[in-house]
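Source file final15.txt; content: compact mmCIF, C-alpha atoms.
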# COMPACT_ATOMS: atom_id res chain seq x y z
CA MET J 786 -13.08 19.57 29.56
CA SER J 787 -10.26 19.57 27.03
CA SER J 788 -8.09 16.51 26.82
CA GLU J 789 -5.07 18.62 27.75
CA GLU J 790 -6.52 19.19 31.19
CA LYS J 791 -3.99 18.55 33.91
CA GLY J 792 -3.95 15.10 35.45
CA SER J 793 -6.38 13.59 32.99
CA VAL J 794 -5.60 10.17 31.63
CA GLN J 795 -5.86 8.97 28.08
CA LEU J 796 -7.95 5.90 27.60
CA LEU J 797 -5.88 2.84 26.82
CA GLN J 798 -6.66 1.32 23.46
CA GLY J 799 -9.21 -1.45 23.75
CA THR J 800 -10.25 -0.68 27.29
CA LEU J 801 -13.31 1.33 26.33
CA ASP J 802 -15.17 -1.84 25.36
CA LEU J 803 -14.45 -3.35 28.75
CA ILE J 804 -15.51 -0.19 30.57
CA VAL J 805 -18.77 0.12 28.67
CA LEU J 806 -19.62 -3.55 29.17
CA ARG J 807 -18.87 -3.32 32.86
CA THR J 808 -21.00 -0.19 33.26
CA LEU J 809 -23.96 -1.80 31.53
CA ALA J 810 -23.56 -5.01 33.51
CA SER J 811 -23.64 -3.21 36.83
CA MET J 812 -26.08 -0.41 36.05
CA GLY J 813 -28.54 -2.11 33.72
CA ALA J 814 -29.83 -0.49 30.55
CA GLN J 815 -28.32 2.93 29.96
CA HIS J 816 -28.34 5.46 27.17
CA ALA J 817 -25.12 6.91 25.78
CA TYR J 818 -25.32 10.10 27.83
CA GLN J 819 -25.85 8.15 31.03
CA ILE J 820 -22.86 5.96 30.23
CA ALA J 821 -20.69 8.99 29.58
CA THR J 822 -21.85 10.71 32.76
CA ARG J 823 -21.33 7.58 34.79
CA LEU J 824 -17.79 7.17 33.48
CA GLN J 825 -16.97 10.72 34.44
CA GLN J 826 -18.34 10.22 37.92
CA VAL J 827 -16.51 6.97 38.50
CA SER J 828 -13.23 8.32 37.24
CA GLU J 829 -13.73 11.49 39.29
CA ARG J 830 -13.22 13.44 36.09
CA LEU J 831 -9.78 11.93 35.63
CA LEU J 832 -10.92 10.17 32.53
CA ASN J 833 -11.80 12.51 29.76
CA LEU J 834 -14.07 10.56 27.56
CA ASN J 835 -15.16 12.42 24.51
CA GLN J 836 -18.78 11.61 23.93
CA GLU J 837 -18.02 11.21 20.27
CA THR J 838 -15.64 8.31 20.97
CA LEU J 839 -18.33 6.50 22.88
CA TYR J 840 -20.46 5.98 19.79
CA PRO J 841 -18.02 3.90 17.77
CA ALA J 842 -17.59 1.66 20.80
CA LEU J 843 -21.34 1.23 21.09
CA VAL J 844 -21.66 0.30 17.40
CA ARG J 845 -18.80 -2.14 17.69
CA LEU J 846 -20.24 -3.83 20.75
CA GLU J 847 -23.66 -3.99 19.19
CA GLN J 848 -22.21 -5.55 16.05
CA TYR J 849 -20.45 -8.16 18.17
CA GLY J 850 -23.86 -8.91 19.65
CA TRP J 851 -22.62 -8.04 23.14
CA ILE J 852 -25.05 -5.19 23.75
CA LYS J 853 -28.42 -4.31 22.34
CA GLY J 854 -29.91 -0.89 21.85
CA ILE J 855 -33.63 -0.27 22.20
CA TRP J 856 -35.41 3.03 21.93
CA GLY J 857 -37.14 4.07 25.10
CA ARG J 858 -38.23 7.11 27.07
CA THR J 859 -36.42 8.85 29.89
CA GLU J 860 -38.06 9.95 33.12
CA SER J 861 -38.59 13.35 31.56
CA ASN J 862 -40.32 11.63 28.64
CA ARG J 863 -37.59 12.24 26.12
CA GLU J 864 -36.61 9.54 23.70
CA ALA J 865 -33.27 7.85 24.11
CA LYS J 866 -31.64 4.67 22.94
CA TYR J 867 -31.07 2.38 25.90
CA TYR J 868 -28.27 -0.13 25.66
CA SER J 869 -28.27 -3.29 27.70
CA ILE J 870 -25.78 -6.12 27.92
CA THR J 871 -26.67 -9.46 26.31
CA LYS J 872 -25.85 -13.02 27.40
CA ALA J 873 -22.95 -13.13 24.96
CA GLY J 874 -21.88 -9.75 26.30
CA GLU J 875 -21.73 -11.03 29.86
CA LYS J 876 -19.59 -13.94 28.77
CA ALA J 877 -17.32 -11.59 26.84
CA LEU J 878 -17.10 -9.28 29.84
CA ASN J 879 -15.83 -12.11 32.02
CA GLN J 880 -13.16 -12.94 29.50
CA GLU J 881 -12.17 -9.31 29.06
CA VAL J 882 -11.87 -8.90 32.81
CA LEU J 883 -9.56 -11.90 33.02
CA ARG J 884 -7.48 -10.55 30.18
CA TRP J 885 -7.29 -7.14 31.72
CA ARG J 886 -6.20 -8.54 35.09
CA ALA J 887 -3.51 -10.64 33.44
CA MET J 888 -2.25 -7.66 31.49
CA ALA J 889 -2.35 -5.27 34.44
CA GLY J 890 -0.61 -7.82 36.64
CA LEU J 891 2.15 -8.24 34.11
CA VAL J 892 2.76 -4.52 33.82
CA GLU J 893 2.67 -4.16 37.58
CA ARG J 894 5.28 -6.87 38.05
CA LEU J 895 7.54 -5.25 35.49
CA LEU J 896 7.24 -1.89 37.19
CA ILE J 897 8.12 -3.36 40.56
CA GLU J 898 11.18 -5.09 39.13
CA ASP J 899 12.48 -1.95 37.52
CA PHE J 900 12.10 0.28 40.54
CA PRO J 901 12.59 -1.67 43.75
CA SER J 902 11.31 0.40 46.62
CA MET L 572 -17.72 -15.99 16.19
CA LYS L 573 -17.88 -12.39 17.26
CA TYR L 574 -16.05 -11.32 14.11
CA LEU L 575 -18.44 -13.27 11.91
CA ARG L 576 -21.39 -11.65 13.63
CA ARG L 577 -19.83 -8.28 13.22
CA PHE L 578 -19.10 -8.87 9.55
CA LEU L 579 -22.70 -9.89 8.92
CA SER L 580 -24.12 -6.89 10.69
CA LYS L 581 -21.71 -4.70 8.76
CA TRP L 582 -23.15 -6.06 5.55
CA MET L 583 -26.62 -5.43 6.89
CA SER L 584 -25.83 -1.84 7.72
CA GLN L 585 -24.25 -1.46 4.30
CA LEU L 586 -27.51 -2.57 2.73
CA ARG L 587 -29.61 -0.41 5.02
CA LYS L 588 -27.33 2.60 4.99
CA ASP L 589 -30.10 5.18 5.14
CA HIS L 590 -31.65 3.45 8.08
CA ALA L 591 -28.38 3.30 10.01
CA GLU L 592 -27.70 6.95 9.27
CA ALA L 593 -31.17 8.05 10.35
CA GLU L 594 -30.85 5.99 13.52
CA LEU L 595 -27.52 7.63 14.34
CA ILE L 596 -28.83 11.16 13.81
CA ARG L 597 -31.83 10.35 15.97
CA GLU L 598 -29.56 9.05 18.70
CA ILE L 599 -27.22 12.02 18.62
CA ASN L 600 -30.13 14.44 18.70
CA ALA L 601 -31.62 12.60 21.65
CA HIS L 602 -28.25 12.74 23.37
CA LEU L 603 -27.93 16.46 22.80
CA ALA L 604 -31.48 17.05 24.01
CA LEU L 605 -30.80 15.17 27.22
CA MET L 606 -27.64 17.16 27.85
CA GLU L 607 -29.43 20.38 27.15
CA GLU L 608 -32.05 19.43 29.67
CA ASP L 609 -29.36 18.75 32.23
CA PHE L 610 -27.76 22.12 31.62
CA LEU L 611 -31.13 23.83 31.82
CA GLY L 612 -31.60 22.20 35.21
CA ARG L 613 -28.34 23.79 36.31
CA GLY L 614 -29.80 27.19 35.67
CA MET L 615 -28.59 28.00 32.16
CA SER L 616 -30.73 29.79 29.64
CA THR L 617 -32.07 27.85 26.66
CA ASP L 618 -29.45 29.16 24.26
CA GLU L 619 -26.64 28.69 26.72
CA ALA L 620 -27.75 25.15 27.40
CA ARG L 621 -27.87 24.34 23.70
CA LEU L 622 -24.38 25.71 23.15
CA ALA L 623 -23.01 24.04 26.23
CA ALA L 624 -24.46 20.69 25.18
CA ARG L 625 -22.87 20.98 21.75
CA ARG L 626 -19.56 21.94 23.31
CA ALA L 627 -19.64 19.12 25.82
CA TYR L 628 -20.56 16.60 23.17
CA GLY L 629 -17.59 17.40 20.98
CA GLY L 630 -17.69 17.27 17.21
CA VAL L 631 -21.05 16.04 16.01
CA GLU L 632 -19.78 15.55 12.48
CA GLN L 633 -16.68 13.75 13.73
CA ALA L 634 -18.88 11.50 15.81
CA LYS L 635 -20.98 10.69 12.77
CA GLN L 636 -17.92 9.89 10.70
CA LEU L 637 -16.41 7.72 13.45
CA HIS L 638 -19.71 5.92 13.69
CA ARG L 639 -19.86 5.36 9.94
CA ASP L 640 -16.29 4.08 9.83
CA GLU L 641 -17.00 1.73 12.67
CA ARG L 642 -20.22 0.27 11.36
CA SER L 643 -19.35 -0.10 7.71
CA ILE L 644 -16.96 -2.24 5.77
CA LEU L 645 -14.26 0.33 5.37
CA TRP L 646 -12.61 -0.86 2.19
CA LEU L 647 -15.95 -1.28 0.48
CA GLU L 648 -17.00 2.17 1.60
CA ARG L 649 -13.76 3.68 0.30
CA LEU L 650 -13.94 1.74 -2.94
CA SER L 651 -17.46 2.91 -3.71
CA ARG L 652 -16.45 6.46 -2.81
CA ASP L 653 -13.51 6.23 -5.23
CA ILE L 654 -15.67 4.81 -7.99
CA ARG L 655 -18.28 7.50 -7.56
CA PHE L 656 -15.56 10.13 -7.66
CA ALA L 657 -14.05 8.63 -10.82
CA LEU L 658 -17.43 8.53 -12.56
CA ARG L 659 -18.08 12.14 -11.62
CA GLN L 660 -14.72 13.19 -13.02
CA LEU L 661 -15.35 11.31 -16.25
CA ARG L 662 -18.74 12.91 -16.69
CA LYS L 663 -17.17 16.31 -16.15
CA SER L 664 -14.70 15.89 -19.01
CA PRO L 665 -16.30 13.75 -21.73
CA GLY L 666 -13.39 14.35 -24.13
CA PHE L 667 -10.97 12.77 -21.73
CA ALA L 668 -13.45 10.00 -21.00
CA LEU L 669 -13.79 9.21 -24.71
CA THR L 670 -10.02 9.18 -25.20
CA ALA L 671 -9.60 6.92 -22.22
CA VAL L 672 -12.30 4.54 -23.40
CA LEU L 673 -10.86 4.39 -26.93
CA THR L 674 -7.35 3.82 -25.61
CA LEU L 675 -8.59 1.03 -23.42
CA ALA L 676 -10.66 -0.49 -26.23
CA LEU L 677 -7.70 -0.45 -28.62
CA GLY L 678 -5.36 -1.83 -26.01
CA ILE L 679 -7.66 -4.62 -24.95
CA GLY L 680 -8.50 -5.46 -28.58
CA ALA L 681 -4.86 -5.63 -29.62
CA VAL L 682 -3.85 -7.72 -26.65
CA THR L 683 -6.75 -10.11 -27.15
CA SER L 684 -6.03 -10.70 -30.83
CA VAL L 685 -2.31 -11.15 -30.29
CA PHE L 686 -3.00 -13.51 -27.45
CA SER L 687 -5.43 -15.63 -29.42
CA VAL L 688 -2.84 -16.05 -32.18
CA VAL L 689 -0.07 -16.86 -29.71
CA ASN L 690 -2.38 -19.18 -27.86
CA THR L 691 -3.31 -21.28 -30.86
CA VAL L 692 0.08 -21.17 -32.61
CA LEU L 693 2.49 -21.42 -29.70
CA LEU L 694 0.80 -22.36 -26.48
CA LYS L 695 -1.82 -24.98 -27.23
CA PRO L 696 -0.25 -28.32 -28.12
CA PHE L 697 -1.08 -29.48 -31.62
CA VAL L 698 -3.97 -31.92 -31.53
CA PHE L 699 -2.15 -34.50 -33.72
CA ARG L 700 1.14 -36.03 -32.82
CA ASP L 701 4.09 -35.89 -35.25
CA PRO L 702 2.80 -32.88 -37.19
CA ASP L 703 5.61 -33.35 -39.76
CA ARG L 704 4.04 -36.59 -40.91
CA LEU L 705 0.61 -35.03 -41.32
CA VAL L 706 -1.00 -34.90 -44.74
CA VAL L 707 -4.25 -33.44 -45.98
CA MET L 708 -6.25 -35.57 -48.37
CA ARG L 709 -8.90 -34.40 -50.74
CA GLU L 710 -11.30 -36.30 -52.86
CA ALA L 711 -11.23 -35.55 -56.53
CA VAL L 712 -13.99 -36.47 -58.89
CA GLY L 713 -12.88 -37.93 -62.21
CA GLU L 714 -15.27 -35.93 -64.34
CA ALA L 715 -14.14 -32.69 -62.82
CA ARG L 716 -10.40 -33.33 -63.05
CA GLY L 717 -8.30 -30.26 -63.58
CA GLU L 718 -10.90 -27.98 -62.21
CA ARG L 719 -10.84 -26.75 -58.67
CA THR L 720 -13.16 -29.14 -56.98
CA ALA L 721 -14.48 -28.17 -53.64
CA ILE L 722 -16.74 -31.04 -52.92
CA PRO L 723 -16.90 -32.33 -49.37
CA VAL L 724 -15.31 -35.66 -48.51
CA ASN L 725 -17.72 -38.54 -48.52
CA TYR L 726 -17.99 -39.86 -45.00
CA ARG L 727 -18.30 -43.50 -46.12
CA HIS L 728 -15.12 -43.11 -48.14
CA PHE L 729 -13.42 -41.72 -45.08
CA LEU L 730 -14.51 -44.67 -42.93
CA ARG L 731 -13.26 -47.15 -45.51
CA LEU L 732 -9.96 -45.27 -45.85
CA LYS L 733 -9.50 -45.22 -42.10
CA SER L 734 -10.02 -48.96 -41.72
CA THR L 735 -8.27 -50.29 -44.81
CA ALA L 736 -5.55 -47.91 -45.93
CA THR L 737 -2.01 -49.15 -45.18
CA THR L 738 -0.01 -46.07 -46.16
CA ILE L 739 -1.46 -43.98 -43.37
CA GLU L 740 -1.48 -44.70 -39.69
CA ASP L 741 -4.76 -43.05 -38.78
CA ALA L 742 -7.25 -40.63 -40.20
CA ALA L 743 -9.49 -37.89 -39.04
CA ILE L 744 -12.05 -35.88 -40.88
CA PHE L 745 -12.92 -32.21 -40.67
CA ALA L 746 -15.41 -30.02 -42.38
In structure tokens, write the structure found in this file.
Amino acid sequence: MSSEEKGSVQLLQGTLDLIVLRTLASMGAQHAYQIATRLQQVSERLLNLNQETLYPALVRLEQYGWIKGIWGRTESNREAKYYSITKAGEKALNQEVLRWRAMAGLVERLLIEDFPS
Amino acid sequence: MKYLRRFLSKWMSQLRKDHAEAELIREINAHLALMEEDFLGRGMSTDEARLAARRAYGGVEQAKQLHRDERSILWLERLSRDIRFALRQLRKSPGFALTAVLTLALGIGAVTSVFSVVNTVLLKPFVFRDPDRLVVMREAVGEARGERTAIPVNYRHFLRLKSTATTIEDAAIFA
């Protein structure tokens, strides 16, 4: 699980917020461990997200008012802080998605220009 | 908007630092417990599961520090840390502290007194125009001539002087 693992990708700066928002929007309220697990599943272990880096993102998003954490109980009756996306968060997610698409599209175009196939 | 919100909640967490810290520890512990449970379910022993959870989580202390940096106002945090450190150092060496305080006191005192002189003598414009034509008048009492009289000027005399005297342009009185 080290970050030097072959084929793993480094998370692009600023994309973690988008990923977390998207996960919460599609999966509903989740606790940090669930988010981390989900990200690993989705990325098929390509993305090596250190759990410790998830926490700053959660604080940041909560401070923006985009997500809200509430203490709850898991199925196995353990306590966990469940984060859910807020109205403002959904709006922000839409904007972030647009921004991401614009950015990704730009990079894609540049790559195609440089290496015509 | 989002930055304003964030700034406000940063202030809040600054004020309720202990609460934020306790909340974080509670959350990390819950996280570790959940992981442990998962690992137990995969057939690990209790100790193995605990270790594996810790390992998978990464640095708990790093996580805490990242969390702190993210939720607090960083410059304020650093400033207060620096001030606390400075105070500790000063308490540790009172001789140095005393020397520093005396040096500062002397320096500030000297600068203040020099400045007040410069301010009144050089910087502030003189309150009367044409200072070279300024004279000071005193009242002398006939009976006490020759002696050093220090009686105050009679205000009525001043008023009459101001309105009738032709050798002076204007007059002001001071006590």
Q: Select all residues from chain J having any atom no more than 8 Å from an atom of chain L (counting only C-alpha atoms, ignoring ligands), output as a ChimeraX atom specification.
A: /J:786,817-818,835-838,840-841,844-845,848-850,863-866
Q: Grab the CA of Gln819 (chain J) to CA of Met888 (chain J) distance for me, in Å with one decimal place.
A: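 Rounded to one decimal, the two atoms are 28.4 Å apart.
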Q: Enter the distance from CA of Glu847 (chain J) to CA of Trp885 (chain J), in Å, rounded to one decimal.
A: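 Between CA of Glu847 (chain J) and CA of Trp885 (chain J) the gap is 20.9 Å.
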Q: Give me, please, the distance in Å between CA of Leu694 (chain L) and CA of Ile679 (chain L), quoted to one decimal.
A: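 If I compute the distance from CA of Leu694 (chain L) to CA of Ile679 (chain L), I get 19.7 Å.
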